[in-house]
Amino acid sequence: MVELYLIDIIRDHLNFIKVNMTLSSMQHNVDLTQYNTMGFTAHAVNYLAIDADDDLAAFFQNNDLQQAHMDCFVLGGGSNLVLTRDVTGAVLHMRQRGIRIMDESSSHIRVAVAAGEVWHHWVMHCIERGWLGLENLALIPGSVGACPVQNIGAYGVEVKDTIDHVKAWDRAQHVWVHLSNAECGFAYRDSVFKKEWLIVSGQPQSRYIITEVVFKLLKDASQWRPKMAYGDVAAMATSLAGSESIQAKHVAQAIIAIRQSKLPDPAVLGNAGSFFKNPIVSVQQLERLKASFPTIPNYPQADASVKIAAGWLVEQAGYKGMRDGAVGVYEKQALVLVHHGGGQGRDLMALAQRISDGVFAKFAVRISPEPIVY
Ligand SMILES: Cc1cc2nc3c(=O)[nH]c(=O)nc-3n(C[C@H](O)[C@H](O)[C@H](O)COP(=O)(O)OP(=O)(O)OC[C@H]3O[C@@H](n4cnc5c(N)ncnc54)[C@H](O)[C@@H]3O)c2cc1C
């Protein structure tokens with residue numbers, strides 16, 4: 001009995017120390033320019049680096065902090081983000097590291113990866129070890145924790161096909177949860193993480209904070225088939241493989257080379273990758289469009305709808321390469337909006353609205369932004 005009492009006291013004491021350490025590591029008025037790939041300047045009134053899951057639990061268990069800073073913004077690599085103003089609550093910067101094998105069979109492996117791991121490093125880690133399935137997603141910027149948020153995708157692959165489950169802090173119930181692949185509600189550039197909101201201090205807040213993603217990857221190379229239907233991937237991977245048969249590393253190398261030739265490096269020119277989502281239209285709408293624009297690129301979907309290429313719409317509407325002060329449209333790829341420096345997120349959003357209106361006026365199709373706008 002006495003022992004149990006002592007254990008309780010020690011546990012409370014440790015929790016008290018942890019919570020107060022969290023309080024003391026909170027920084028104030030932190031410049032976020034280096035934390036977003038668009039390079040827009042905004043400040044975080046409060047900023048907390050989350051280096052372990054316990055930091056997050058301690059943050060939400062602290063009553064003072066809870067009341068003062070419940071308006072939270074979760075930050076990963078800042079590569080899918082347009083900051084238009086200062087963040088008034090707390091920025092929680094996900095920086096946890098760690099890659100842990102959970103279990104494996106002769107054909108598959110399950111690996112848990114901490115939210116703060118760099119996405120591209122994780123992809124290369126898999127390629128070095130012969131874990132297959134992520135090679136088409138090489139060189140996408142950002143963190144592992146953000147990959148389920150918009151179900152990242154590129155070159156015919158979406159990350160949803162490799163996710164077993166996701167560990168997250170549920171802000172609605174104040175508990176840790178494990179969401180199965182089905183519970184994540186994955187769709188094109190979408191998931192439950194973009195749909196379930198809490199309203200805190202009048203601000204919409206994402207319900208879940210992802211701390212770990214568990215992937216299920218193929219190990220048995222005899223079951224692997226390269227996915228190379230998009231663009232020049234097949235030709236480039238074949239040439240890289242030479243006399244060998246094509247392996248995952250060749251597909252990744254081809255995609256890295258193609259991406260480097262087409263997309264601006266955020267370290268050189270601020271951007272958030274593709275700015276507009278490809279709009280989805282009905283077959284009837286497509287037929288009407290084709291009557292006036294017979295070459296419109298379109299991709300039929302499993303549910304009988306059709307995806308059309310937003311970049312083509314923007315280019316045809318005449319915006320490719322245009323510049324308006326500090327912001328503009330990338331000269332080599334109309335889907336990418338860029339920040340030349342010295343501008344503000346508001347300027348970019350005004351340009352995005354102008355482009356969206358211009359596309360609507362020409363095609364009667366509305367395109368909408370992919371990045372999160374704060
Ligand atoms: C040059 C370039 C190319 C790109 N190419 C692609 C591409 O091919 N395909 C593609 O899909 N995307 C692409 N992107 C977009 C971007 O890289 C991805 O969306 C990436 O997953 C964002 O990760 P991040 O860590 O930078 O997220 P952030 O920008 O930090 O955050 C994005 C959103 O996710 C939320 N979030 C971040 N981490 C967590 C977490 N741990 N838990 C809960 N919510 C979280 C944030 O609150 C925010 O709402 C590209 C971006 C750039 C700059």
# chains A, B, ... in the order shown; residues from 1 in each chain; ligands from 1
$ select_by_dssp --residues "region 132-245 of chain A" --states "alpha helix (DSSP H)" --output "list in words"
Val233, Ala234, Ala235, Met236, Ala237, Thr238, Ser239, Leu240 and Ala241 of chain A
$ write_last_selection --atoms "N, CA, C and O atoms" --output "PDB file, in the first residue's frame"
ATOM      1  N   VAL A 233       9.551   8.332 -67.294  1.00  0.00           N
ATOM      2  CA  VAL A 233      10.125   7.453 -66.266  1.00  0.00           C
ATOM      3  C   VAL A 233      10.655   6.152 -66.885  1.00  0.00           C
ATOM      4  O   VAL A 233      11.795   5.737 -66.605  1.00  0.00           O
ATOM      5  N   ALA A 234       9.847   5.529 -67.742  1.00  0.00           N
ATOM      6  CA  ALA A 234      10.246   4.221 -68.303  1.00  0.00           C
ATOM      7  C   ALA A 234      11.540   4.360 -69.100  1.00  0.00           C
ATOM      8  O   ALA A 234      12.491   3.581 -68.907  1.00  0.00           O
ATOM      9  N   ALA A 235      11.599   5.368 -69.985  1.00  0.00           N
ATOM     10  CA  ALA A 235      12.784   5.525 -70.840  1.00  0.00           C
ATOM     11  C   ALA A 235      14.022   5.785 -69.990  1.00  0.00           C
ATOM     12  O   ALA A 235      15.087   5.174 -70.205  1.00  0.00           O
ATOM     13  N   MET A 236      13.882   6.657 -68.982  1.00  0.00           N
ATOM     14  CA  MET A 236      15.047   7.014 -68.186  1.00  0.00           C
ATOM     15  C   MET A 236      15.494   5.854 -67.283  1.00  0.00           C
ATOM     16  O   MET A 236      16.688   5.578 -67.169  1.00  0.00           O
ATOM     17  N   ALA A 237      14.530   5.159 -66.674  1.00  0.00           N
ATOM     18  CA  ALA A 237      14.883   4.033 -65.791  1.00  0.00           C
ATOM     19  C   ALA A 237      15.552   2.924 -66.614  1.00  0.00           C
ATOM     20  O   ALA A 237      16.521   2.302 -66.163  1.00  0.00           O
ATOM     21  N   THR A 238      15.057   2.688 -67.831  1.00  0.00           N
ATOM     22  CA  THR A 238      15.639   1.649 -68.697  1.00  0.00           C
ATOM     23  C   THR A 238      17.083   2.012 -69.022  1.00  0.00           C
ATOM     24  O   THR A 238      17.985   1.168 -68.960  1.00  0.00           O
ATOM     25  N   SER A 239      17.297   3.291 -69.335  1.00  0.00           N
ATOM     26  CA  SER A 239      18.661   3.674 -69.681  1.00  0.00           C
ATOM     27  C   SER A 239      19.586   3.610 -68.453  1.00  0.00           C
ATOM     28  O   SER A 239      20.742   3.214 -68.562  1.00  0.00           O
ATOM     29  N   LEU A 240      19.066   3.960 -67.267  1.00  0.00           N
ATOM     30  CA  LEU A 240      19.883   3.881 -66.045  1.00  0.00           C
ATOM     31  C   LEU A 240      20.224   2.432 -65.698  1.00  0.00           C
ATOM     32  O   LEU A 240      21.318   2.134 -65.210  1.00  0.00           O
ATOM     33  N   ALA A 241      19.293   1.528 -65.967  1.00  0.00           N
ATOM     34  CA  ALA A 241      19.510   0.113 -65.626  1.00  0.00           C
ATOM     35  C   ALA A 241      20.536  -0.528 -66.555  1.00  0.00           C
ATOM     36  O   ALA A 241      21.217  -1.477 -66.175  1.00  0.00           O
TER      37      ALA A 241
END
$ residues_near_ligand --ligand "ligand 1" --cutoff "6 Å" --atoms "only C-alpha atoms and all ligand atoms" --output "VMD selection string"
chain A and resid 37 73 to 81 94 115 140 to 143 145 to 147 149 152 to 154 208 to 211 263 265 to 266 271 to 273 372
$ closest_residue --among "A:Cys72, A:Cys126, A:Ala334, A:Ala229" --to "Val314 (chain A)" --atoms "only C-alpha atoms"
A:Ala334
$ atom_distance --atom1 "CA of Tyr47 (chain A)" --atom2 "CA of Ser206 (chain A)"
17.3 Å
$ atom_distance --atom1 "CA of Ile258 (chain A)" --atom2 "CA of Gly231 (chain A)"
9.0 Å
$ atom_distance --atom1 "CA of Ala350 (chain A)" --atom2 "CA of Gly325 (chain A)"
11.7 Å
$ select_by_dssp --residues "region 65-145 of chain A" --states "strand (DSSP E or B)" --output "PyMOL selection string"
chain A and resi 72-75+81-82+87-94+99-104+108-114+118+132+143
$ write_last_selection --atoms "C-alpha atoms" --output "PDB file, in the first residue's frame"
ATOM      1  CA  CYS A  72      -2.113  25.267 -32.258  1.00  0.00           C
ATOM      2  CA  PHE A  73      -0.583  24.926 -35.668  1.00  0.00           C
ATOM      3  CA  VAL A  74       1.247  21.654 -36.406  1.00  0.00           C
ATOM      4  CA  LEU A  75       4.346  22.223 -38.546  1.00  0.00           C
ATOM      5  CA  LEU A  81       2.031  25.762 -46.589  1.00  0.00           C
ATOM      6  CA  VAL A  82       1.281  29.405 -47.393  1.00  0.00           C
ATOM      7  CA  VAL A  87       0.552  32.370 -35.988  1.00  0.00           C
ATOM      8  CA  THR A  88      -1.176  33.667 -32.901  1.00  0.00           C
ATOM      9  CA  GLY A  89      -1.336  30.472 -30.837  1.00  0.00           C
ATOM     10  CA  ALA A  90       1.437  27.902 -30.638  1.00  0.00           C
ATOM     11  CA  VAL A  91       3.400  26.329 -33.461  1.00  0.00           C
ATOM     12  CA  LEU A  92       4.138  22.694 -32.619  1.00  0.00           C
ATOM     13  CA  HIS A  93       7.132  21.745 -34.754  1.00  0.00           C
ATOM     14  CA  MET A  94       7.252  17.972 -35.268  1.00  0.00           C
ATOM     15  CA  ILE A  99      12.797   4.194 -37.689  1.00  0.00           C
ATOM     16  CA  ARG A 100      11.772   0.907 -36.043  1.00  0.00           C
ATOM     17  CA  ILE A 101      11.045  -2.485 -37.623  1.00  0.00           C
ATOM     18  CA  MET A 102       7.822  -3.864 -36.114  1.00  0.00           C
ATOM     19  CA  ASP A 103       7.622  -7.276 -37.773  1.00  0.00           C
ATOM     20  CA  GLU A 104       8.413  -8.998 -41.046  1.00  0.00           C
ATOM     21  CA  HIS A 108       6.566  -7.996 -46.345  1.00  0.00           C
ATOM     22  CA  ILE A 109       7.906  -5.749 -43.605  1.00  0.00           C
ATOM     23  CA  ARG A 110       6.146  -3.322 -41.257  1.00  0.00           C
ATOM     24  CA  VAL A 111       8.178  -0.296 -40.174  1.00  0.00           C
ATOM     25  CA  ALA A 112       7.195   2.502 -37.770  1.00  0.00           C
ATOM     26  CA  VAL A 113       8.650   5.899 -38.681  1.00  0.00           C
ATOM     27  CA  ALA A 114       8.569   8.986 -36.445  1.00  0.00           C
ATOM     28  CA  VAL A 118      12.564  13.715 -43.551  1.00  0.00           C
ATOM     29  CA  LEU A 132       9.713  -1.695 -52.039  1.00  0.00           C
ATOM     30  CA  SER A 143       8.180  15.168 -43.198  1.00  0.00           C
TER      31      SER A 143
END
$ residues_around --residues "region 174-187 of chain A" --least-positions-apart "5" --cutoff "7 Å" --atoms "only C-alpha atoms" --output "PyMOL selection string"
chain A and resi 151+160+163-169+192
$ closest_residue --among "A:Gly311, A:Phe275, A:Arg259, A:Asp71" --to "Gly202 (chain A)" --atoms "only C-alpha atoms"
A:Asp71
$ closest_residue --among "A:Lys195, A:Lys290, A:His125, A:Lys262" --to "Lys332 (chain A)" --atoms "only C-alpha atoms"
A:Lys262
$ closest_residue --among "A:Ala352, A:Ala326, A:Ala361, A:Ala172" --to "Val373 (chain A)" --atoms "only C-alpha atoms"
A:Ala352
